[in-house]
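Chemist: Got a structure here, written out as structure tokens. Questions coming.
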Amino acid sequence: MKHTRFGPYGGVFAPETLMASLEELEDAWRSLWSDLGFRARLSGLLRDYAGRPTALTHAERLSEEFGFELWLKREDLLHTGAHKLNNALGQCLLAQAMGKTRILAETGAGQHGVATATACAKLGLDCVVYMGSVDAQRQRPNVLRMQLMGARVVVVEHGQRTLKDAINEAMRAWVSDPQAHYVLGSALGPHPFPSMVAAFHEVIGQEARAQILEQAGDLPDYAIACVGGGSNAIGLFRAFLEDESVRLVGVEAGGEGIDSGRHAARFAGGSPGVLHGCFTWLLQDDDGQILPTHSVSAGLDYPAVGPEHADLERRQRARYESASDEVALRAFAALSEREGILPALESSHAVGWVMEQAQELQGKRLLVNLSGRGDKDLGTIFALRQEGASDAEVLS
Ligand SMILES: *Cc1c(COP(=O)(O)O)cnc(C)c1O
């Protein structure tokens with residue numbers, strides 16, 4: 001395999017048994033991504049089924065209040081409510097072209113599982129989604145959504161019984177099933193996944209760049225996105241890599257604070273190592289054991305970051321900051337009240353960071369990727385409000 005790394009990061013740290021599948025995938029990916037027929041089929045699905053292009057919205061009331069010029073790329077308006085469908089549709093179409101009949105996927109909060117079940121229903125593919133039992137319990141509505149679209153949800157009882165364990169189980173199943181393709185949900189894992197997933201999300205930044213040039217008349221000073229595995233952020237960033245005047249900022253989950261140890265801020269609190277087939281920044285102890293993570297947003301609650309981000313950080317082309325649970329919740333409330341948009345708690349971290357940095361950002365044009373809508377988070381918001389007056393104040 002060629003070009004498996006981003007600087008020192010990335011690679012293919014996979015068991016022998018997985019290599020044949022990864023090589024087959026890389027070959028198919030290389031030939032289909034440059035195949036005009038494939039690209040046209042994917043563009044057609046993204047336009048007529050998923051709802052692209054998504055809007056770019058000037059957040060006028062928040063801008064006025066904070067003294068910056070805030071633009072929101074509205075991935076919350078994509079079918080199923082988040083950017084994840086770009087990748088799920090792309091990979092499922094690829095799998096179909098490869099002659100695969102069955103799709104395997106992992107899911108944490110359920111968003112990637114729902115997007116994959118959706119793509120499979122649309123394309124007529126069998127779908128099996130692996131989900132930790134803790135997550136399946138917390139995210140019952142998403143389990144039902146997947147089942148309603150014909151997917152089989154396999155509950156994983158190993159380890160912490162969350163996302164990391166679901167990925168392990170899905171990879172294991174892939175090894176023993178040559179008729180299956182494994183749809184990984186973020187820009188991580190062994191090559192070719194980080195490159196392929198990023199490519200399927202590039203459309204976000206390409207649209208946003210053209211839209212902001214047209215609507216604002218110029219490029220943004222900053223492009224900002226939340227970073228879980230890093231797929232929505234890399235989809236935005238790639239379009240601006242050559243625009244030296246555009247600063248790129250990724251916002252990780254600061255949870256209850258870096259010092260508390262309860263967070264998912266890999267750059268601030270981690271070190272380089274290997275997880276799920278790839279060398280990157282992650283949260284680990286001195287023995288290399290993966291540490292538990294925490295975030296109010298399930299989608300940012302993962303111990304490793306995609307390798308392309310690790311390299312952008314190394315090259316100082318992007319910087320990585322964090323926003324705490326509290327800051328994200330404040331942004332959730334602000335965007336709901338002032339703009340009439342309920343953002344996903346993940347996306348709220350990006351908005352929260354700009355609100356926190358309002359001093360540094362006075363007069364700047366900011367492009368924030370609103371990766372998803374907040375309807376899925378109403379249970380979390382409701383529970384926090386019930387916890388007591390102090391939380392209720394934060395949120396009201
Ligand atoms: C899954 C998810 C994320 C985090 O994943 P990335 O790969 O980092 O983009 C962010 N926002 C939403 C709405 C999500 O569903």
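The chains in the structure tokens are called A, B, ... from first to last as shown; in each chain the residues are counted from 1, and the ligands are counted from 1 in the order shown.
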Enumerate as number ranges by chain the residues within 6 Å of ligand 1, counting only C-alpha atoms and all ligand atoms.
Modeler: A: 82, 111, 186, 227-233, 299-300, 344, 346-347, 371-372
Chemist: Enumerate the residues of region 128-189 of chain A with a DSSP assignment of strand (DSSP E or B), computed from the backbone, and present them as a ChimeraX atom specification.
Modeler: /A:128-132,152-156,180-183
Chemist: For region 238-250 of chain A, list every protein, DNA or RNA residue within 6 Å, evaluated using only C-alpha atoms, and leave out those in the same chain fewer than 3 positions away; present the list as a list in words.
Modeler: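 Everything that qualifies: Gly205, Gln206, Asp221, Tyr222, Ala223, Ile224, Ala225, Cys226, Val227, Ile234, Gly235, Ala318, Arg319 and Tyr320 of chain A.
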Chemist: How would you write, as a ChimeraX atom specification, the set of residues in region 71-244 of chain A that DSSP gives as alpha helix (DSSP H)?
Modeler: /A:84-97,111-123,133-138,140-148,163-175,193-215,231-237
Chemist: For Ala115 (chain A), which residue among A:Ala334, A:Leu45, A:Ala20, A:Ala50 is the nearest when counting only C-alpha atoms?
Modeler: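 When distances to Ala115 (chain A) are compared using only C-alpha atoms, the smallest one comes from A:Ala50.
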Chemist: If you count only C-alpha atoms, which residues fall within 12 Å of region 3-5 of chain A, apart from same-chain ones fewer than 3 positions away, as number ranges by chain?
Modeler: A: 8-13, 22-23, 26, 30, 188-196, 277-280, 306-311
Chemist: Would you write out those residues with N, CA and C atoms, as a PDB file, in the first residue's frame?
Modeler:
ATOM      1  N   PRO A   8       4.350  11.563  10.209  1.00  0.00           N
ATOM      2  CA  PRO A   8       4.640  10.322  10.939  1.00  0.00           C
ATOM      3  C   PRO A   8       3.380   9.555  11.362  1.00  0.00           C
ATOM      4  N   TYR A   9       2.219  10.152  11.183  1.00  0.00           N
ATOM      5  CA  TYR A   9       0.989   9.571  11.746  1.00  0.00           C
ATOM      6  C   TYR A   9       0.217   8.734  10.732  1.00  0.00           C
ATOM      7  N   GLY A  10      -0.696   7.908  11.244  1.00  0.00           N
ATOM      8  CA  GLY A  10      -1.515   7.058  10.380  1.00  0.00           C
ATOM      9  C   GLY A  10      -0.948   5.652  10.305  1.00  0.00           C
ATOM     10  N   GLY A  11      -0.853   5.120   9.084  1.00  0.00           N
ATOM     11  CA  GLY A  11      -0.284   3.788   8.896  1.00  0.00           C
ATOM     12  C   GLY A  11      -1.317   2.675   8.907  1.00  0.00           C
ATOM     13  N   VAL A  12      -0.810   1.451   8.924  1.00  0.00           N
ATOM     14  CA  VAL A  12      -1.679   0.260   8.879  1.00  0.00           C
ATOM     15  C   VAL A  12      -1.232  -0.704   9.974  1.00  0.00           C
ATOM     16  N   PHE A  13      -1.592  -0.431  11.206  1.00  0.00           N
ATOM     17  CA  PHE A  13      -1.208  -1.302  12.323  1.00  0.00           C
ATOM     18  C   PHE A  13      -2.306  -2.342  12.536  1.00  0.00           C
ATOM     19  N   LEU A  22      -8.156  -4.919   3.753  1.00  0.00           N
ATOM     20  CA  LEU A  22      -7.724  -3.523   3.626  1.00  0.00           C
ATOM     21  C   LEU A  22      -7.129  -3.256   2.244  1.00  0.00           C
ATOM     22  N   GLU A  23      -6.381  -4.239   1.728  1.00  0.00           N
ATOM     23  CA  GLU A  23      -5.785  -4.055   0.403  1.00  0.00           C
ATOM     24  C   GLU A  23      -6.848  -4.042  -0.692  1.00  0.00           C
ATOM     25  N   GLU A  26      -8.495  -0.700  -0.518  1.00  0.00           N
ATOM     26  CA  GLU A  26      -7.681   0.388  -1.058  1.00  0.00           C
ATOM     27  C   GLU A  26      -7.712   0.394  -2.591  1.00  0.00           C
ATOM     28  N   ARG A  30      -9.209   3.494  -4.709  1.00  0.00           N
ATOM     29  CA  ARG A  30      -8.395   4.240  -5.663  1.00  0.00           C
ATOM     30  C   ARG A  30      -9.052   4.313  -7.036  1.00  0.00           C
ATOM     31  N   LEU A 188     -10.507   7.848  10.952  1.00  0.00           N
ATOM     32  CA  LEU A 188      -9.477   7.190  11.743  1.00  0.00           C
ATOM     33  C   LEU A 188      -9.379   5.719  11.355  1.00  0.00           C
ATOM     34  N   GLY A 189      -8.685   4.933  12.169  1.00  0.00           N
ATOM     35  CA  GLY A 189      -8.485   3.527  11.837  1.00  0.00           C
ATOM     36  C   GLY A 189      -7.315   3.356  10.878  1.00  0.00           C
ATOM     37  N   PRO A 190      -7.107   2.116  10.392  1.00  0.00           N
ATOM     38  CA  PRO A 190      -5.989   1.846   9.481  1.00  0.00           C
ATOM     39  C   PRO A 190      -6.244   2.443   8.098  1.00  0.00           C
ATOM     40  N   HIS A 191      -5.173   2.783   7.373  1.00  0.00           N
ATOM     41  CA  HIS A 191      -5.285   3.174   5.978  1.00  0.00           C
ATOM     42  C   HIS A 191      -6.040   2.079   5.226  1.00  0.00           C
ATOM     43  N   PRO A 192      -6.954   2.380   4.279  1.00  0.00           N
ATOM     44  CA  PRO A 192      -7.230   3.695   3.693  1.00  0.00           C
ATOM     45  C   PRO A 192      -8.351   4.493   4.374  1.00  0.00           C
ATOM     46  N   PHE A 193      -8.850   4.034   5.531  1.00  0.00           N
ATOM     47  CA  PHE A 193     -10.017   4.719   6.098  1.00  0.00           C
ATOM     48  C   PHE A 193      -9.842   6.221   6.339  1.00  0.00           C
ATOM     49  N   PRO A 194      -8.743   6.670   6.970  1.00  0.00           N
ATOM     50  CA  PRO A 194      -8.671   8.120   7.248  1.00  0.00           C
ATOM     51  C   PRO A 194      -8.740   8.972   5.976  1.00  0.00           C
ATOM     52  N   SER A 195      -8.072   8.528   4.909  1.00  0.00           N
ATOM     53  CA  SER A 195      -8.081   9.294   3.657  1.00  0.00           C
ATOM     54  C   SER A 195      -9.439   9.209   2.978  1.00  0.00           C
ATOM     55  N   MET A 196     -10.020   8.008   2.993  1.00  0.00           N
ATOM     56  CA  MET A 196     -11.283   7.783   2.290  1.00  0.00           C
ATOM     57  C   MET A 196     -12.430   8.534   2.977  1.00  0.00           C
ATOM     58  N   GLY A 277      -5.566   0.406  14.724  1.00  0.00           N
ATOM     59  CA  GLY A 277      -4.850   0.307  13.455  1.00  0.00           C
ATOM     60  C   GLY A 277      -4.104   1.542  13.017  1.00  0.00           C
ATOM     61  N   CYS A 278      -4.018   2.557  13.874  1.00  0.00           N
ATOM     62  CA  CYS A 278      -3.410   3.795  13.411  1.00  0.00           C
ATOM     63  C   CYS A 278      -2.600   4.489  14.508  1.00  0.00           C
ATOM     64  N   PHE A 279      -1.463   5.101  14.088  1.00  0.00           N
ATOM     65  CA  PHE A 279      -0.575   5.817  15.008  1.00  0.00           C
ATOM     66  C   PHE A 279      -1.016   7.275  15.077  1.00  0.00           C
ATOM     67  N   THR A 280      -1.379   7.734  16.258  1.00  0.00           N
ATOM     68  CA  THR A 280      -1.924   9.088  16.382  1.00  0.00           C
ATOM     69  C   THR A 280      -1.897   9.518  17.848  1.00  0.00           C
ATOM     70  N   GLY A 306      -8.135  11.466  14.674  1.00  0.00           N
ATOM     71  CA  GLY A 306      -7.717  11.054  13.331  1.00  0.00           C
ATOM     72  C   GLY A 306      -6.297  11.514  13.024  1.00  0.00           C
ATOM     73  N   PRO A 307      -5.513  10.690  12.290  1.00  0.00           N
ATOM     74  CA  PRO A 307      -4.086  10.958  12.078  1.00  0.00           C
ATOM     75  C   PRO A 307      -3.794  12.214  11.251  1.00  0.00           C
ATOM     76  N   GLU A 308      -4.708  12.604  10.356  1.00  0.00           N
ATOM     77  CA  GLU A 308      -4.457  13.809   9.563  1.00  0.00           C
ATOM     78  C   GLU A 308      -4.450  15.044  10.472  1.00  0.00           C
ATOM     79  N   HIS A 309      -5.280  15.019  11.505  1.00  0.00           N
ATOM     80  CA  HIS A 309      -5.266  16.130  12.461  1.00  0.00           C
ATOM     81  C   HIS A 309      -3.962  16.143  13.254  1.00  0.00           C
ATOM     82  N   ALA A 310      -3.478  14.955  13.604  1.00  0.00           N
ATOM     83  CA  ALA A 310      -2.211  14.884  14.342  1.00  0.00           C
ATOM     84  C   ALA A 310      -1.103  15.544  13.517  1.00  0.00           C
ATOM     85  N   ASP A 311      -1.149  15.327  12.199  1.00  0.00           N
ATOM     86  CA  ASP A 311      -0.125  15.912  11.344  1.00  0.00           C
ATOM     87  C   ASP A 311      -0.335  17.417  11.143  1.00  0.00           C
TER      88      ASP A 311
END
Chemist: If we count only C-alpha atoms and set the cut-off at 12 Å, which residues sit around Thr380 (chain A), ignoring sequence neighbours fewer than 3 positions away in its own chain? Please answer as a PyMOL selection string.
Modeler: chain A and resi 109+138-139+295-298+325+329+332+344-345+374-377+383-387+391+395
Chemist: Residues at most 12 Å from Asp285 (chain A), counting only C-alpha atoms, excluding those fewer than 3 positions away in the same chain, as a PyMOL selection string?
Modeler: chain A and resi 261+269-273+282+288-292+303
Chemist: So which one's closest to Leu32 (chain A), A:Leu93, A:Ala14, A:Ala268, A:Ala210? Using only C-alpha atoms, please.
Modeler: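 Checking each of A:Leu93, A:Ala14, A:Ala268, A:Ala210 against Leu32 (chain A), counting only C-alpha atoms, the winner is A:Leu93.
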Chemist: Do you know which residues are at most 8 Å from Glu69 (chain A) counting only C-alpha atoms, after dropping those on the same chain fewer than 3 positions away, and could you put them as a list in words?
Modeler: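 Listing them by chain and then by number gives His58, Ala59, Glu60, Ser63, Glu64, Gly363, Lys364, Arg365 and Leu366 of chain A.
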